[in-house]
Amino acid sequence: MPVARTALVTGAASGIGKATAQALAESGVRVILSDVSEGGREAAEHVGGSFLQADLASMDEAAALSQRALDLCGRVDILVNNAGFQQMAPVEEYDDRAWARFLQVMLVAPFQLIKRLLPGMKEQGWGRIINISSIHGLIASPYKSAYVSAKHGLIGLTKTVALEAGGRGVTVNAICPGYVRTPLVEAQVASQAAAHGIGEDEVIEKIMLDPAAIRRLIEPEEVARLALFLASDDARSVTGSAYSIDAGWTAR
């Protein structure tokens with residue numbers, strides 16, 4: 001009987017990470033959920049997985065996470081780099097340390113995990129690396145210089161590792177969602193509604209999603225199903241790609 005695949009999903013306490021972990025678990029994959037929040041432990045129990053708490057803002061903790069996952073399950077076949085956060089400010093007002101923290105969590109930490117888990121994937125001749133980027137990995141918005149820079153960089157990392165690993169049975173892809181119904185986005189909606197004195201539905205339709213063809217928030221499960229495909233054997237020839245799931249935002 002073949003050994004079950006094992007996946008490590010970061011930023012898995014809620015939103016896209018939790019939905020992806022659940023989709024993988026339901027497909028028979030052993031799942032390790034990681035998050036800075038203890039809420040990841042409850043999410044892991046919910047999907048029948050394991051939990052490793054780690055603060056990816058720490059270079060040391062990010063570097064150690066891969067070995068902790070290997071010690072726990074012996075192998076990691078699928079890596080989903082999802083951890084992220086948001087903070088907006090004009091570039092001239094952006095705090096230097098906050099800017100660097102974005103790069104560490106959303107670009108350096110994925111590099112650190114890929115670096116340490118890729119050799120095992122190459123050795124066994126099978127691996128899947130899925131980086132959750134954003135439409136802001138493809139286009140820019142004002143006041144998001146750190147987030148946009150990190151997400152653009154993550155797509156560059158995706159393409160580079162895809163070229164290096166393709167001959168060894170390892171695929172590397174990015175997913176670029178638009179606004180997804182996550183706690184992070186819902187907090188932004190409430191903040192915008194209060195700032196503009198309008199309802200939350202109006203914020204979504206007229207402010208946040210004005211450039212989109214379909215003006216609704218994307219559900220985390222939609223992104224998870226795309227990740228599940230990229231993690232499958234059916235996607236063995238798909239690598240180095242950045243998949244938009246943005247309700248037509250980048251079609252303009």
# chains A, B, ... in the order shown; residues from 1 in each chain; ligands from 1
>>> closest_atom_pairs(of="region 54-121 of chain A", to="region 26-41 of chain A", cutoff="8 Å", atoms="only C-alpha atoms", output="CSV")
residue,atom,partner,partner_atom,distance
A:Ala54,CA,A:Val36,CA,5.0
A:Asp55,CA,A:Val36,CA,4.7
A:Leu56,CA,A:Val36,CA,7.3
A:Ala69,CA,A:Ile32,CA,7.3
A:Ala83,CA,A:Asp35,CA,7.5
>>> write_last_selection(atoms="C-alpha atoms", output="compact mmCIF listing (two decimals), in the first residue's frame")
# COMPACT_ATOMS: atom_id res chain seq x y z
CA ALA A 54 5.84 28.95 14.55
CA ASP A 55 6.39 32.66 14.10
CA LEU A 56 7.66 33.05 10.54
CA ALA A 69 7.78 18.86 10.31
CA ALA A 83 1.24 32.80 5.83
>>> residues_around(residues="Leu226 (chain A)", least_positions_apart="6", cutoff="10 Å", atoms="only C-alpha atoms", output="PDB file with C-alpha atoms, in the first residue's frame")
ATOM      1  CA  THR A  20      -6.490  24.186   1.914  1.00  0.00           C
ATOM      2  CA  ALA A  23      -9.209  19.951   1.291  1.00  0.00           C
ATOM      3  CA  ILE A 175      -1.942  31.041  -6.783  1.00  0.00           C
ATOM      4  CA  TYR A 243      -2.818  31.177 -11.443  1.00  0.00           C
ATOM      5  CA  ILE A 245      -8.423  33.498  -9.175  1.00  0.00           C
TER       6      ILE A 245
END
>>> residues_around(residues="Leu118 (chain A)", least_positions_apart="5", cutoff="9 Å", atoms="only C-alpha atoms", output="ChimeraX atom specification")
/A:77,113,123,127,129,165,170
>>> closest_residue(among="A:Trp249, A:Phe51, A:Trp126, A:Tyr143", to="Gly166 (chain A)", atoms="only C-alpha atoms")
A:Trp126
>>> residues_around(residues="Ala19 (chain A)", least_positions_apart="6", cutoff="10 Å", atoms="only C-alpha atoms", output="PyMOL selection string")
chain A and resi 12-13+25+43+47+219-225+227
>>> residues_around(residues="Ala89 (chain A)", least_positions_apart="2", cutoff="7 Å", atoms="only C-alpha atoms", output="PyMOL selection string")
chain A and resi 87+91+93-94+143-144
>>> write_last_selection(atoms="C-alpha atoms", output="PDB file, in the first residue's frame")
ATOM      1  CA  GLN A  87      -0.577  46.818   6.747  1.00  0.00           C
ATOM      2  CA  VAL A  91       5.878  54.502   1.307  1.00  0.00           C
ATOM      3  CA  GLU A  93       5.691  56.749   6.199  1.00  0.00           C
ATOM      4  CA  TYR A  94       6.248  52.994   6.204  1.00  0.00           C
ATOM      5  CA  TYR A 143      -0.108  52.144   0.147  1.00  0.00           C
ATOM      6  CA  LYS A 144       0.778  48.436  -0.038  1.00  0.00           C
TER       7      LYS A 144
END
>>> select_by_dssp(residues="region 17-216 of chain A", states="strand (DSSP E)", output="ChimeraX atom specification")
/A:30-35,50-53,78-81,127-132,170-177
>>> write_last_selection(atoms="C-alpha atoms", output="compact mmCIF listing (two decimals), in the first residue's frame")
# COMPACT_ATOMS: atom_id res chain seq x y z
CA ARG A 30 -1.61 13.81 6.16
CA VAL A 31 -1.61 17.50 7.02
CA ILE A 32 0.61 19.55 9.30
CA LEU A 33 -0.86 22.98 10.00
CA SER A 34 1.44 25.77 11.14
CA ASP A 35 0.54 29.23 12.37
CA SER A 50 -1.13 18.01 13.41
CA PHE A 51 -0.15 21.49 14.59
CA LEU A 52 3.24 23.19 14.82
CA GLN A 53 3.24 26.72 16.19
CA ILE A 78 3.54 19.06 -0.38
CA LEU A 79 4.45 22.53 0.87
CA VAL A 80 1.86 25.31 0.86
CA ASN A 81 3.37 28.71 1.70
CA GLY A 127 6.96 17.00 -4.70
CA ARG A 128 4.52 19.88 -4.88
CA ILE A 129 5.25 23.44 -3.78
CA ILE A 130 2.31 25.86 -3.86
CA ASN A 131 2.94 29.50 -3.00
CA ILE A 132 -0.10 31.60 -2.17
CA VAL A 170 8.80 18.52 -8.32
CA THR A 171 6.35 21.17 -9.50
CA VAL A 172 6.24 24.71 -8.17
CA ASN A 173 3.30 27.04 -8.75
CA ALA A 174 1.70 30.18 -7.34
CA ILE A 175 -1.94 31.04 -6.78
CA CYS A 176 -2.93 34.70 -7.06
CA PRO A 177 -6.30 35.33 -5.41
>>> select_by_dssp(residues="region 8-200 of chain A", states="alpha helix (DSSP H)", output="VMD selection string")
chain A and resid 15 to 26 39 to 47 59 to 73 96 to 103 109 to 124 145 to 165 183 to 196 200
>>> residues_around(residues="region 207-209 of chain A", least_positions_apart="4", cutoff="8 Å", atoms="only C-alpha atoms", output="list of chain:residue names")
A:Tyr179, A:Glu202, A:Val203, A:Arg215, A:Arg216, A:Trp249
>>> write_last_selection(atoms="C-alpha atoms", output="PDB file, in the first residue's frame")
ATOM      1  CA  TYR A 179     -10.128  39.521  -2.212  1.00  0.00           C
ATOM      2  CA  GLU A 202     -21.357  48.723  -0.658  1.00  0.00           C
ATOM      3  CA  VAL A 203     -17.692  48.714   0.351  1.00  0.00           C
ATOM      4  CA  ARG A 215     -18.221  41.668  -7.614  1.00  0.00           C
ATOM      5  CA  ARG A 216     -18.233  39.266  -4.720  1.00  0.00           C
ATOM      6  CA  TRP A 249      -9.711  41.748 -11.736  1.00  0.00           C
TER       7      TRP A 249
END
>>> residues_around(residues="Ser141 (chain A)", least_positions_apart="3", cutoff="12 Å", atoms="only C-alpha atoms", output="PyMOL selection string")
chain A and resi 88-91+134-138+144-149+208+211
>>> closest_residue(among="A:Arg236, A:Arg75, A:Lys151, A:Lys122", to="Val105 (chain A)", atoms="only C-alpha atoms")
A:Lys151
>>> decode(residues="region 38-80 of chain A", atoms="N, CA and C atoms", output="PDB file, in the first residue's frame")
ATOM      1  N   GLU A  38      -2.257  30.262  18.256  1.00  0.00           N
ATOM      2  CA  GLU A  38      -2.681  28.990  18.855  1.00  0.00           C
ATOM      3  C   GLU A  38      -3.985  28.508  18.238  1.00  0.00           C
ATOM      4  N   GLY A  39      -4.682  29.396  17.516  1.00  0.00           N
ATOM      5  CA  GLY A  39      -5.894  28.982  16.822  1.00  0.00           C
ATOM      6  C   GLY A  39      -5.635  27.897  15.798  1.00  0.00           C
ATOM      7  N   GLY A  40      -4.388  27.770  15.378  1.00  0.00           N
ATOM      8  CA  GLY A  40      -4.036  26.711  14.451  1.00  0.00           C
ATOM      9  C   GLY A  40      -4.206  25.331  15.045  1.00  0.00           C
ATOM     10  N   ARG A  41      -4.114  25.246  16.360  1.00  0.00           N
ATOM     11  CA  ARG A  41      -4.286  23.944  17.019  1.00  0.00           C
ATOM     12  C   ARG A  41      -5.733  23.461  16.875  1.00  0.00           C
ATOM     13  N   GLU A  42      -6.667  24.378  17.061  1.00  0.00           N
ATOM     14  CA  GLU A  42      -8.086  24.030  16.896  1.00  0.00           C
ATOM     15  C   GLU A  42      -8.380  23.673  15.441  1.00  0.00           C
ATOM     16  N   ALA A  43      -7.784  24.427  14.517  1.00  0.00           N
ATOM     17  CA  ALA A  43      -7.971  24.127  13.092  1.00  0.00           C
ATOM     18  C   ALA A  43      -7.432  22.743  12.756  1.00  0.00           C
ATOM     19  N   ALA A  44      -6.288  22.386  13.340  1.00  0.00           N
ATOM     20  CA  ALA A  44      -5.691  21.074  13.095  1.00  0.00           C
ATOM     21  C   ALA A  44      -6.596  19.958  13.618  1.00  0.00           C
ATOM     22  N   GLU A  45      -7.160  20.163  14.792  1.00  0.00           N
ATOM     23  CA  GLU A  45      -8.087  19.175  15.345  1.00  0.00           C
ATOM     24  C   GLU A  45      -9.312  19.038  14.445  1.00  0.00           C
ATOM     25  N   HIS A  46      -9.750  20.170  13.884  1.00  0.00           N
ATOM     26  CA  HIS A  46     -10.946  20.169  13.035  1.00  0.00           C
ATOM     27  C   HIS A  46     -10.727  19.339  11.766  1.00  0.00           C
ATOM     28  N   VAL A  47      -9.536  19.412  11.198  1.00  0.00           N
ATOM     29  CA  VAL A  47      -9.276  18.700   9.935  1.00  0.00           C
ATOM     30  C   VAL A  47      -8.582  17.361  10.158  1.00  0.00           C
ATOM     31  N   GLY A  48      -8.301  17.026  11.420  1.00  0.00           N
ATOM     32  CA  GLY A  48      -7.635  15.755  11.707  1.00  0.00           C
ATOM     33  C   GLY A  48      -6.153  15.773  11.402  1.00  0.00           C
ATOM     34  N   GLY A  49      -5.532  16.944  11.530  1.00  0.00           N
ATOM     35  CA  GLY A  49      -4.106  17.073  11.255  1.00  0.00           C
ATOM     36  C   GLY A  49      -3.307  17.342  12.509  1.00  0.00           C
ATOM     37  N   SER A  50      -2.029  17.670  12.324  1.00  0.00           N
ATOM     38  CA  SER A  50      -1.128  18.014  13.411  1.00  0.00           C
ATOM     39  C   SER A  50      -0.842  19.510  13.378  1.00  0.00           C
ATOM     40  N   PHE A  51      -0.395  20.054  14.501  1.00  0.00           N
ATOM     41  CA  PHE A  51      -0.151  21.487  14.593  1.00  0.00           C
ATOM     42  C   PHE A  51       1.258  21.765  15.080  1.00  0.00           C
ATOM     43  N   LEU A  52       1.931  22.700  14.400  1.00  0.00           N
ATOM     44  CA  LEU A  52       3.236  23.191  14.823  1.00  0.00           C
ATOM     45  C   LEU A  52       3.163  24.715  14.878  1.00  0.00           C
ATOM     46  N   GLN A  53       3.264  25.269  16.066  1.00  0.00           N
ATOM     47  CA  GLN A  53       3.237  26.720  16.191  1.00  0.00           C
ATOM     48  C   GLN A  53       4.598  27.285  15.797  1.00  0.00           C
ATOM     49  N   ALA A  54       4.593  28.324  14.977  1.00  0.00           N
ATOM     50  CA  ALA A  54       5.840  28.952  14.553  1.00  0.00           C
ATOM     51  C   ALA A  54       5.564  30.381  14.134  1.00  0.00           C
ATOM     52  N   ASP A  55       6.472  31.265  14.507  1.00  0.00           N
ATOM     53  CA  ASP A  55       6.387  32.660  14.097  1.00  0.00           C
ATOM     54  C   ASP A  55       7.353  32.863  12.932  1.00  0.00           C
ATOM     55  N   LEU A  56       6.815  32.940  11.726  1.00  0.00           N
ATOM     56  CA  LEU A  56       7.663  33.051  10.544  1.00  0.00           C
ATOM     57  C   LEU A  56       8.313  34.416  10.409  1.00  0.00           C
ATOM     58  N   ALA A  57       7.944  35.359  11.290  1.00  0.00           N
ATOM     59  CA  ALA A  57       8.650  36.634  11.335  1.00  0.00           C
ATOM     60  C   ALA A  57      10.042  36.469  11.923  1.00  0.00           C
ATOM     61  N   SER A  58      10.279  35.338  12.579  1.00  0.00           N
ATOM     62  CA  SER A  58      11.598  34.989  13.106  1.00  0.00           C
ATOM     63  C   SER A  58      12.316  34.104  12.095  1.00  0.00           C
ATOM     64  N   MET A  59      13.469  34.536  11.622  1.00  0.00           N
ATOM     65  CA  MET A  59      14.225  33.734  10.673  1.00  0.00           C
ATOM     66  C   MET A  59      14.611  32.390  11.275  1.00  0.00           C
ATOM     67  N   ASP A  60      14.928  32.378  12.551  1.00  0.00           N
ATOM     68  CA  ASP A  60      15.313  31.125  13.215  1.00  0.00           C
ATOM     69  C   ASP A  60      14.132  30.156  13.297  1.00  0.00           C
ATOM     70  N   GLU A  61      12.946  30.670  13.660  1.00  0.00           N
ATOM     71  CA  GLU A  61      11.777  29.787  13.760  1.00  0.00           C
ATOM     72  C   GLU A  61      11.354  29.276  12.379  1.00  0.00           C
ATOM     73  N   ALA A  62      11.468  30.132  11.372  1.00  0.00           N
ATOM     74  CA  ALA A  62      11.128  29.701  10.015  1.00  0.00           C
ATOM     75  C   ALA A  62      12.073  28.600   9.549  1.00  0.00           C
ATOM     76  N   ALA A  63      13.353  28.764   9.840  1.00  0.00           N
ATOM     77  CA  ALA A  63      14.334  27.751   9.438  1.00  0.00           C
ATOM     78  C   ALA A  63      14.104  26.434  10.161  1.00  0.00           C
ATOM     79  N   ALA A  64      13.676  26.506  11.416  1.00  0.00           N
ATOM     80  CA  ALA A  64      13.485  25.295  12.215  1.00  0.00           C
ATOM     81  C   ALA A  64      12.201  24.551  11.876  1.00  0.00           C
ATOM     82  N   LEU A  65      11.221  25.247  11.293  1.00  0.00           N
ATOM     83  CA  LEU A  65       9.914  24.626  11.061  1.00  0.00           C
ATOM     84  C   LEU A  65      10.002  23.410  10.154  1.00  0.00           C
ATOM     85  N   SER A  66      10.814  23.477   9.120  1.00  0.00           N
ATOM     86  CA  SER A  66      10.917  22.346   8.190  1.00  0.00           C
ATOM     87  C   SER A  66      11.419  21.091   8.900  1.00  0.00           C
ATOM     88  N   GLN A  67      12.433  21.245   9.746  1.00  0.00           N
ATOM     89  CA  GLN A  67      12.953  20.076  10.452  1.00  0.00           C
ATOM     90  C   GLN A  67      11.949  19.547  11.457  1.00  0.00           C
ATOM     91  N   ARG A  68      11.215  20.431  12.094  1.00  0.00           N
ATOM     92  CA  ARG A  68      10.177  19.993  13.034  1.00  0.00           C
ATOM     93  C   ARG A  68       9.120  19.171  12.306  1.00  0.00           C
ATOM     94  N   ALA A  69       8.758  19.609  11.098  1.00  0.00           N
ATOM     95  CA  ALA A  69       7.775  18.857  10.306  1.00  0.00           C
ATOM     96  C   ALA A  69       8.326  17.495   9.916  1.00  0.00           C
ATOM     97  N   LEU A  70       9.591  17.447   9.522  1.00  0.00           N
ATOM     98  CA  LEU A  70      10.215  16.168   9.151  1.00  0.00           C
ATOM     99  C   LEU A  70      10.319  15.243  10.364  1.00  0.00           C
ATOM    100  N   ASP A  71      10.650  15.808  11.511  1.00  0.00           N
ATOM    101  CA  ASP A  71      10.731  14.998  12.733  1.00  0.00           C
ATOM    102  C   ASP A  71       9.366  14.428  13.092  1.00  0.00           C
ATOM    103  N   LEU A  72       8.314  15.195  12.804  1.00  0.00           N
ATOM    104  CA  LEU A  72       6.956  14.776  13.171  1.00  0.00           C
ATOM    105  C   LEU A  72       6.439  13.673  12.258  1.00  0.00           C
ATOM    106  N   CYS A  73       6.649  13.813  10.960  1.00  0.00           N
ATOM    107  CA  CYS A  73       6.038  12.885   9.992  1.00  0.00           C
ATOM    108  C   CYS A  73       7.029  12.131   9.113  1.00  0.00           C
ATOM    109  N   GLY A  74       8.297  12.487   9.190  1.00  0.00           N
ATOM    110  CA  GLY A  74       9.296  11.750   8.422  1.00  0.00           C
ATOM    111  C   GLY A  74       9.504  12.244   7.019  1.00  0.00           C
ATOM    112  N   ARG A  75       8.514  12.974   6.476  1.00  0.00           N
ATOM    113  CA  ARG A  75       8.609  13.466   5.106  1.00  0.00           C
ATOM    114  C   ARG A  75       7.612  14.600   4.907  1.00  0.00           C
ATOM    115  N   VAL A  76       7.899  15.469   3.962  1.00  0.00           N
ATOM    116  CA  VAL A  76       6.949  16.485   3.522  1.00  0.00           C
ATOM    117  C   VAL A  76       6.942  16.447   2.007  1.00  0.00           C
ATOM    118  N   ASP A  77       5.816  16.059   1.440  1.00  0.00           N
ATOM    119  CA  ASP A  77       5.677  15.936  -0.009  1.00  0.00           C
ATOM    120  C   ASP A  77       5.077  17.177  -0.644  1.00  0.00           C
ATOM    121  N   ILE A  78       4.267  17.888   0.126  1.00  0.00           N
ATOM    122  CA  ILE A  78       3.539  19.057  -0.378  1.00  0.00           C
ATOM    123  C   ILE A  78       3.778  20.207   0.582  1.00  0.00           C
ATOM    124  N   LEU A  79       4.240  21.328   0.063  1.00  0.00           N
ATOM    125  CA  LEU A  79       4.447  22.529   0.871  1.00  0.00           C
ATOM    126  C   LEU A  79       3.541  23.634   0.343  1.00  0.00           C
ATOM    127  N   VAL A  80       2.722  24.186   1.232  1.00  0.00           N
ATOM    128  CA  VAL A  80       1.855  25.313   0.864  1.00  0.00           C
ATOM    129  C   VAL A  80       2.284  26.523   1.696  1.00  0.00           C
TER     130      VAL A  80
END
